file work_26.pdb (PDB, C-alpha atoms)
ATOM      1  CA  MET A   1      97.852 126.587  99.167
ATOM      2  CA  ALA A   2     101.001 124.679  98.214
ATOM      3  CA  PHE A   3     100.557 125.446  94.518
ATOM      4  CA  LEU A   4      99.796 129.102  95.266
ATOM      5  CA  LEU A   5     103.004 129.483  97.273
ATOM      6  CA  TRP A   6     104.917 127.748  94.490
ATOM      7  CA  ALA A   7     103.411 130.107  91.884
ATOM      8  CA  ILE A   8     104.339 133.147  94.001
ATOM      9  CA  TRP A   9     107.903 131.852  94.247
ATOM     10  CA  LYS A  10     108.100 131.309  90.474
ATOM     11  CA  SER A  11     106.704 134.798  89.898
ATOM     12  CA  ARG A  12     109.279 136.294  92.239
ATOM     13  CA  ASN A  13     112.117 134.519  90.395
ATOM     14  CA  LYS A  14     110.897 135.812  87.017
ATOM     15  CA  LEU A  15     110.880 139.367  88.366
ATOM     16  CA  VAL A  16     114.315 139.100  90.013
ATOM     17  CA  PHE A  17     116.171 137.257  87.239
ATOM     18  CA  TYR A  18     114.341 138.347  84.093
ATOM     19  CA  GLY A  19     112.614 141.570  85.113
ATOM     20  CA  THR A  20     109.224 140.139  84.093
ATOM     21  CA  PRO A  21     106.376 141.329  86.348
ATOM     22  CA  ASN A  22     103.227 139.257  87.031
ATOM     23  CA  THR A  23      99.874 140.422  88.326
ATOM     24  CA  PRO A  24      98.222 138.633  91.258
ATOM     25  CA  VAL A  25      95.604 137.335  88.821
ATOM     26  CA  ASP A  26      98.336 135.751  86.644
ATOM     27  CA  VAL A  27      99.873 134.106  89.696
ATOM     28  CA  TRP A  28      96.495 132.764  90.805
ATOM     29  CA  LYS A  29      95.698 131.324  87.364
ATOM     30  CA  ARG A  30      99.098 129.638  87.155
ATOM     31  CA  ALA A  31      98.593 128.030  90.574
ATOM     32  CA  GLU A  32      95.068 126.934  89.647
ATOM     33  CA  GLU A  33      96.205 125.346  86.376
ATOM     34  CA  ALA A  34      99.059 123.488  88.091
ATOM     35  CA  CYS A  35      96.725 122.191  90.803
ATOM     36  CA  GLU A  36      94.170 120.966  88.258
ATOM     37  CA  GLU A  37      96.902 119.220  86.268
ATOM     38  CA  PHE A  38      98.153 117.491  89.418
ATOM     39  CA  LEU A  39      94.698 116.317  90.471
ATOM     40  CA  GLY A  40      94.031 115.048  86.966
ATOM     41  CA  THR A  41      97.256 113.042  87.052
ATOM     42  CA  LYS A  42      96.260 111.464  90.382
ATOM     43  CA  THR A  43      92.899 110.472  88.924
ATOM     44  CA  ARG A  44      94.585 108.815  85.929
ATOM     45  CA  LEU A  45      96.954 106.940  88.231
ATOM     46  CA  ARG A  46      94.033 105.588  90.280
ATOM     47  CA  GLU A  47      92.317 104.487  87.058
ATOM     48  CA  ASN A  48      95.481 102.733  85.895
ATOM     49  CA  VAL A  49      95.857 100.901  89.220
ATOM     50  CA  SER A  50      92.204  99.832  89.212
ATOM     51  CA  SER A  51      92.714  98.286  85.772
ATOM     52  CA  LEU A  52      95.542  96.050  87.015
ATOM     53  CA  PRO A  53      94.769  92.367  87.735
ATOM     54  CA  TYR A  54      93.592  91.798  91.317
ATOM     55  CA  SER A  55      96.314  89.206  91.862
ATOM     56  CA  PHE A  56      99.004  91.809  91.107
ATOM     57  CA  ILE A  57      97.533  94.341  93.563
ATOM     58  CA  ASN A  58      96.968  91.673  96.199
ATOM     59  CA  GLN A  59     100.550  90.442  95.865
ATOM     60  CA  SER A  60     101.882  93.986  96.249
ATOM     61  CA  VAL A  61      99.863  94.502  99.428
ATOM     62  CA  GLN A  62     101.035  91.173 100.841
ATOM     63  CA  ASN A  63     104.643  92.305 100.474
ATOM     64  CA  LEU A  64     104.059  95.276 102.796
ATOM     65  CA  TRP A  65     104.400  95.169 106.569
ATOM     66  CA  PHE A  66     101.615  96.940 108.417
ATOM     67  CA  PRO A  67     101.816  98.188 112.021
ATOM     68  CA  PRO A  68      99.371  96.809 114.587
ATOM     69  CA  PRO A  69      96.192  98.613 115.660
ATOM     70  CA  MET A  70      96.479 101.149 118.456
ATOM     71  CA  GLY A  71      96.770  99.408 121.815
ATOM     72  CA  SER A  72      98.275  96.270 120.283
ATOM     73  CA  PHE A  73     101.833  95.165 119.577
ATOM     74  CA  LYS A  74     103.295  93.124 116.757
ATOM     75  CA  ILE A  75     106.084  90.743 117.669
ATOM     76  CA  CYS A  76     108.144  89.735 114.647
ATOM     77  CA  CYS A  77     110.180  86.579 115.137
ATOM     78  CA  ASP A  78     112.866  84.971 113.014
ATOM     79  CA  ALA A  79     115.830  82.632 113.284
ATOM     80  CA  ALA A  80     119.086  81.990 111.456
ATOM     81  CA  PHE A  81     120.231  78.363 111.384
ATOM     82  CA  ASP A  82     123.591  76.797 110.513
ATOM     83  CA  LYS A  83     123.020  73.258 109.211
ATOM     84  CA  LEU A  84     126.678  72.275 109.615
ATOM     85  CA  THR A  85     127.017  73.131 113.307
ATOM     86  CA  GLY A  86     123.391  73.117 114.478
ATOM     87  CA  GLU A  87     123.945  76.571 115.917
ATOM     88  CA  ALA A  88     121.071  79.014 115.613
ATOM     89  CA  ALA A  89     120.251  82.594 116.499
ATOM     90  CA  ALA A  90     116.697  83.529 117.436
ATOM     91  CA  ALA A  91     115.510  87.128 117.309
ATOM     92  CA  THR A  92     112.298  88.841 118.299
ATOM     93  CA  ILE A  93     111.257  92.450 117.750
ATOM     94  CA  ILE A  94     108.287  94.199 119.382
ATOM     95  CA  ARG A  95     106.846  97.167 117.486
ATOM     96  CA  ASP A  96     103.910  99.408 118.278
ATOM     97  CA  CYS A  97     101.300 101.180 116.157
ATOM     98  CA  THR A  98     103.828 103.898 115.246
ATOM     99  CA  ARG A  99     106.250 101.271 113.840
ATOM    100  CA  ALA A 100     108.721 102.064 116.631
ATOM    101  CA  ILE A 101     110.800  99.256 118.122
ATOM    102  CA  VAL A 102     109.826  99.125 121.795
ATOM    103  CA  ALA A 103     111.751  95.983 122.761
ATOM    104  CA  GLY A 104     113.786  93.169 121.312
ATOM    105  CA  ASP A 105     115.881  90.180 122.277
ATOM    106  CA  LEU A 106     118.410  87.776 120.800
ATOM    107  CA  ILE A 107     119.656  84.353 121.874
ATOM    108  CA  ILE A 108     122.153  81.815 120.554
ATOM    109  CA  LEU A 109     121.094  78.171 120.853
ATOM    110  CA  LEU A 110     121.605  74.694 119.440
ATOM    111  CA  ALA A 111     118.707  73.395 117.363
ATOM    112  CA  PRO A 112     117.997  70.156 115.486
ATOM    113  CA  SER A 113     116.433  72.012 112.551
ATOM    114  CA  ALA A 114     115.520  75.401 111.123
ATOM    115  CA  SER A 115     111.885  74.798 112.108
ATOM    116  CA  SER A 116     112.886  74.249 115.724
ATOM    117  CA  ALA A 117     114.942  77.445 115.684
ATOM    118  CA  GLU A 118     111.950  79.383 114.275
ATOM    119  CA  ALA A 119     109.721  78.032 117.042
ATOM    120  CA  SER A 120     112.348  79.073 119.597
ATOM    121  CA  ALA A 121     112.235  82.611 118.199
ATOM    122  CA  ILE A 122     108.472  82.763 118.784
ATOM    123  CA  ARG A 123     108.891  81.385 122.307
ATOM    124  CA  LEU A 124     111.481  84.087 122.922
ATOM    125  CA  GLY A 125     108.892  86.628 121.750
ATOM    126  CA  VAL A 126     106.331  85.205 124.177
ATOM    127  CA  SER A 127     108.776  85.547 127.063
ATOM    128  CA  LEU A 128     109.683  89.100 126.087
ATOM    129  CA  ALA A 129     106.035  90.134 125.743
ATOM    130  CA  LEU A 130     105.152  88.684 129.138
ATOM    131  CA  SER A 131     108.106  90.389 130.805
ATOM    132  CA  ALA A 132     106.945  93.694 129.272
ATOM    133  CA  ASP A 133     103.388  93.126 130.600
ATOM    134  CA  LEU A 134     101.838  93.399 127.138
ATOM    135  CA  GLU A 135      98.202  92.339 126.827
ATOM    136  CA  ASN A 136      97.246  92.493 123.140
ATOM    137  CA  VAL A 137      99.851  90.860 120.933
ATOM    138  CA  ILE A 138     100.231  89.579 117.377
ATOM    139  CA  PHE A 139     103.081  87.175 116.747
ATOM    140  CA  GLU A 140     104.442  87.134 113.200
ATOM    141  CA  SER A 141     106.853  84.689 111.579
ATOM    142  CA  ASP A 142     107.864  83.755 108.050
ATOM    143  CA  CYS A 143     107.890  80.048 108.984
ATOM    144  CA  ARG A 144     104.518  78.869 107.691
ATOM    145  CA  GLY A 145     104.731  75.389 109.222
ATOM    146  CA  VAL A 146     105.222  76.606 112.784
ATOM    147  CA  ILE A 147     102.452  79.214 112.454
ATOM    148  CA  GLU A 148      99.993  76.639 111.082
ATOM    149  CA  ARG A 149     100.751  74.206 113.901
ATOM    150  CA  LEU A 150     100.352  76.905 116.552
ATOM    151  CA  ASN A 151      96.981  77.900 115.091
ATOM    152  CA  SER A 152      95.750  74.317 114.828
ATOM    153  CA  GLY A 153      97.260  73.001 118.045
ATOM    154  CA  ALA A 154      98.555  69.930 116.202
ATOM    155  CA  PHE A 155     102.109  69.152 117.308
ATOM    156  CA  THR A 156     103.081  67.015 114.328
ATOM    157  CA  ALA A 157     106.731  68.041 113.964
ATOM    158  CA  TRP A 158     108.984  66.036 116.263
ATOM    159  CA  ASP A 159     111.772  68.597 116.174
ATOM    160  CA  SER A 160     109.678  71.540 117.406
ATOM    161  CA  ALA A 161     106.633  69.952 119.087
ATOM    162  CA  ALA A 162     107.818  70.531 122.657
ATOM    163  CA  ILE A 163     108.605  74.188 121.965
ATOM    164  CA  GLU A 164     105.264  74.803 120.250
ATOM    165  CA  GLU A 165     103.391  73.136 123.102
ATOM    166  CA  ASP A 166     105.236  75.359 125.582
ATOM    167  CA  ILE A 167     104.245  78.436 123.578
ATOM    168  CA  LEU A 168     100.540  77.539 123.626
ATOM    169  CA  SER A 169     100.658  76.754 127.342
ATOM    170  CA  ARG A 170     101.618  80.380 128.075
ATOM    171  CA  ILE A 171      99.424  82.402 125.731
ATOM    172  CA  SER A 172      96.454  82.326 128.136
ATOM    173  CA  LEU A 173      98.314  85.025 130.060
ATOM    174  CA  PHE A 174      97.539  87.523 127.268
ATOM    175  CA  SER A 175      94.204  89.289 126.853
ATOM    176  CA  SER A 176      94.299  88.697 123.101
ATOM    177  CA  VAL A 177      96.838  86.846 120.995
ATOM    178  CA  SER A 178      97.202  85.623 117.428
ATOM    179  CA  PHE A 179      99.828  83.956 115.258
ATOM    180  CA  SER A 180     100.257  85.184 111.680
ATOM    181  CA  PHE A 181     102.404  84.092 108.769
ATOM    182  CA  ILE A 182     104.170  86.894 106.886
ATOM    183  CA  PRO A 183     106.504  86.658 103.874
ATOM    184  CA  ARG A 184     110.194  87.136 104.502
ATOM    185  CA  SER A 185     110.063  90.515 102.766
ATOM    186  CA  CYS A 186     107.865  91.721 105.649
ATOM    187  CA  ASN A 187     110.128  90.257 108.320
ATOM    188  CA  ARG A 188     113.403  91.898 107.398
ATOM    189  CA  VAL A 189     113.987  93.549 110.780
ATOM    190  CA  ALA A 190     113.942  90.282 112.742
ATOM    191  CA  ASP A 191     115.787  88.528 109.909
ATOM    192  CA  TRP A 192     118.568  91.119 110.066
ATOM    193  CA  ALA A 193     118.920  90.778 113.844
ATOM    194  CA  ALA A 194     119.058  86.971 113.745
ATOM    195  CA  LYS A 195     121.656  86.829 110.971
ATOM    196  CA  TYR A 196     123.858  89.437 112.592
ATOM    197  CA  ASP A 197     123.575  87.725 115.972
ATOM    198  CA  LEU A 198     124.590  84.379 114.466
ATOM    199  CA  SER A 199     127.712  86.028 113.045
ATOM    200  CA  CYS A 200     128.368  87.635 116.470
ATOM    201  CA  SER A 201     128.279  91.115 114.964
ATOM    202  CA  CYS A 202     125.169  92.448 116.675
ATOM    203  CA  SER A 203     125.877  94.688 119.662
ATOM    204  CA  LEU A 204     124.266  94.013 123.040
ATOM    205  CA  GLY A 205     122.483  97.375 123.085
ATOM    206  CA  TRP A 206     121.176  97.172 119.523
ATOM    207  CA  VAL A 207     117.551  97.838 120.561
ATOM    208  CA  TYR A 208     118.353 101.174 122.217
ATOM    209  CA  HIS A 209     121.171 102.172 119.873
ATOM    210  CA  ILE A 210     119.874 100.880 116.546
ATOM    211  CA  PRO A 211     122.684 100.191 114.042
ATOM    212  CA  PRO A 212     122.558 102.153 110.755
ATOM    213  CA  ASP A 213     122.059  98.939 108.745
ATOM    214  CA  LEU A 214     118.951  98.089 110.759
ATOM    215  CA  ILE A 215     117.525 101.593 110.432
TER     216      ILE A 215
END

call {"tool": "encode", "arguments": {"input": "work_26.pdb", "output": "structure tokens"}}
result
Amino acid sequence: MAFLLWAIWKSRNKLVFYGTPNTPVDVWKRAEEACEEFLGTKTRLRENVSSLPYSFINQSVQNLWFPPPMGSFKICCDAAFDKLTGEAAAATIIRDCTRAIVAGDLIILLAPSASSAEASAIRLGVSLALSADLENVIFESDCRGVIERLNSGAFTAWDSAAIEEDILSRISLFSSVSFSFIPRSCNRVADWAAKYDLSCSCSLGWVYHIPPDLI
């Protein structure tokens, strides 16, 4: 249908600007040829992609952020840490299956390390999810160490052990919960909020009036 409408439009322009008439059969053939060419190009593209190394395709997929299943919420967490002052900003963003931001929060805190600040961001996400009465949640962070410790229950990092233990003590309040590591390229929304909050340039109502940079 799209190619037929396009062919009719092209035929109309030829008649108006060049005085060249076209029969309905000519228009139909032109649309059919264009459609076949397009479908053939798509087939060649799929063949080219399938010939790429699996590692390349897998890496490309890993660099994409995917929304949660319907009925679940993804809670992206991140922190910005200043080594010189020990000041940190923790941010958490809750998004639904439509990718929409449904809630978010920011805090400024003092932390002994970047790992501790990242754990604080996840704890902030837990608090926000509980206050929103969410049941099925997926917490995401680009701090692999914290995610691995939360999944194993081994509190081996002195600087964040107490925070991680507090997180696990509260997750029984959810119907389903998981902790997932994501690359930083997939966590840009929370990363933006944390960095802007640390520089005191993030407005208080940023969740409901999303800044252009965040959009």

call {"tool": "residues_around", "arguments": {"input": "work_26.pdb", "residues": "region 174-181 of chain A", "least_positions_apart": "2", "cutoff": "6 Å", "atoms": "all atoms listed in the file", "output": "PDB file with C-alpha atoms, in the coordinates of the input"}}
result
ATOM      1  CA  GLU A 135      98.202  92.339 126.827  1.00  0.00           C
ATOM      2  CA  ASN A 136      97.246  92.493 123.140  1.00  0.00           C
ATOM      3  CA  VAL A 137      99.851  90.860 120.933  1.00  0.00           C
ATOM      4  CA  ILE A 138     100.231  89.579 117.377  1.00  0.00           C
ATOM      5  CA  PHE A 139     103.081  87.175 116.747  1.00  0.00           C
ATOM      6  CA  GLU A 140     104.442  87.134 113.200  1.00  0.00           C
ATOM      7  CA  SER A 141     106.853  84.689 111.579  1.00  0.00           C
ATOM      8  CA  ASP A 142     107.864  83.755 108.050  1.00  0.00           C
ATOM      9  CA  ARG A 144     104.518  78.869 107.691  1.00  0.00           C
ATOM     10  CA  ILE A 171      99.424  82.402 125.731  1.00  0.00           C
ATOM     11  CA  SER A 172      96.454  82.326 128.136  1.00  0.00           C
TER      12      SER A 172
END

call {"tool": "residues_around", "arguments": {"input": "work_26.pdb", "residues": "Ser115 (chain A)", "least_positions_apart": "5", "cutoff": "9 Å", "atoms": "all atoms listed in the file", "output": "count of residues only"}}
result
8

call {"tool": "atom_distance", "arguments": {"input": "work_26.pdb", "atom1": "CA of Glu32 (chain A)", "atom2": "CA of Met1 (chain A)"}}
result
9.9 Å

call {"tool": "atom_distance", "arguments": {"input": "work_26.pdb", "atom1": "CA of Leu214 (chain A)", "atom2": "CA of Ala129 (chain A)"}}
result
21.3 Å

call {"tool": "atom_distance", "arguments": {"input": "work_26.pdb", "atom1": "CA of Ala114 (chain A)", "atom2": "CA of Cys77 (chain A)"}}
result
13.0 Å

call {"tool": "residues_around", "arguments": {"input": "work_26.pdb", "residues": "Pro112 (chain A)", "least_positions_apart": "3", "cutoff": "12 Å", "atoms": "only C-alpha atoms", "output": "ChimeraX atom specification"}}
result
/A:81-88,109,115-120,157-161

call {"tool": "closest_residue", "arguments": {"input": "work_26.pdb", "among": "A:Arg123, A:Lys195, A:Lys10, A:Lys74", "to": "Ala100 (chain A)", "atoms": "only C-alpha atoms"}}
result
A:Lys74

call {"tool": "resolve_selection", "arguments": {"input": "work_26.pdb", "expression": "the PyMOL selection byres ((chain A and resi 24) around 12)", "output": "ChimeraX atom specification"}}
result
/A:4-5,7-8,11-12,21-23,25-31

call {"tool": "closest_residue", "arguments": {"input": "work_26.pdb", "among": "A:Met70, A:Ala121, A:Leu64, A:Leu128", "to": "Ala90 (chain A)", "atoms": "all atoms listed in the file"}}
result
A:Ala121

call {"tool": "residues_near_point", "arguments": {"input": "work_26.pdb", "point": "(100.2, 76.4, 120.2)", "cutoff": "8 Å", "atoms": "only C-alpha atoms", "output": "number ranges by chain"}}
result
A: 149-154, 164-169

call {"tool": "write_last_selection", "arguments": {"input": "work_26.pdb", "atoms": "C-alpha atoms", "output": "PDB file, in the coordinates of the input"}}
result
ATOM      1  CA  ARG A 149     100.751  74.206 113.901  1.00  0.00           C
ATOM      2  CA  LEU A 150     100.352  76.905 116.552  1.00  0.00           C
ATOM      3  CA  ASN A 151      96.981  77.900 115.091  1.00  0.00           C
ATOM      4  CA  SER A 152      95.750  74.317 114.828  1.00  0.00           C
ATOM      5  CA  GLY A 153      97.260  73.001 118.045  1.00  0.00           C
ATOM      6  CA  ALA A 154      98.555  69.930 116.202  1.00  0.00           C
ATOM      7  CA  GLU A 164     105.264  74.803 120.250  1.00  0.00           C
ATOM      8  CA  GLU A 165     103.391  73.136 123.102  1.00  0.00           C
ATOM      9  CA  ASP A 166     105.236  75.359 125.582  1.00  0.00           C
ATOM     10  CA  ILE A 167     104.245  78.436 123.578  1.00  0.00           C
ATOM     11  CA  LEU A 168     100.540  77.539 123.626  1.00  0.00           C
ATOM     12  CA  SER A 169     100.658  76.754 127.342  1.00  0.00           C
TER      13      SER A 169
END

call {"tool": "closest_residue", "arguments": {"input": "work_26.pdb", "among": "A:Val16, A:Ile215, A:Ala91, A:Ala2", "to": "Leu106 (chain A)", "atoms": "all atoms listed in the file"}}
result
A:Ala91

call {"tool": "residues_around", "arguments": {"input": "work_26.pdb", "residues": "Ala103 (chain A)", "least_positions_apart": "2", "cutoff": "9 Å", "atoms": "all atoms listed in the file", "output": "PyMOL selection string"}}
result
chain A and resi 92-95+101+105+128-129+132+207-208

call {"tool": "closest_residue", "arguments": {"input": "work_26.pdb", "among": "A:Val126, A:Ile147, A:Cys186, A:Leu134", "to": "Arg170 (chain A)", "atoms": "all atoms listed in the file"}}
result
A:Val126

call {"tool": "closest_residue", "arguments": {"input": "work_26.pdb", "among": "A:Trp65, A:Trp192, A:Phe3, A:Phe155", "to": "Leu39 (chain A)", "atoms": "all atoms listed in the file"}}
result
A:Phe3

call {"tool": "closest_residue", "arguments": {"input": "work_26.pdb", "among": "A:Asp78, A:Thr20, A:Ser127, A:Ser72", "to": "Ser185 (chain A)", "atoms": "all atoms listed in the file"}}
result
A:Asp78
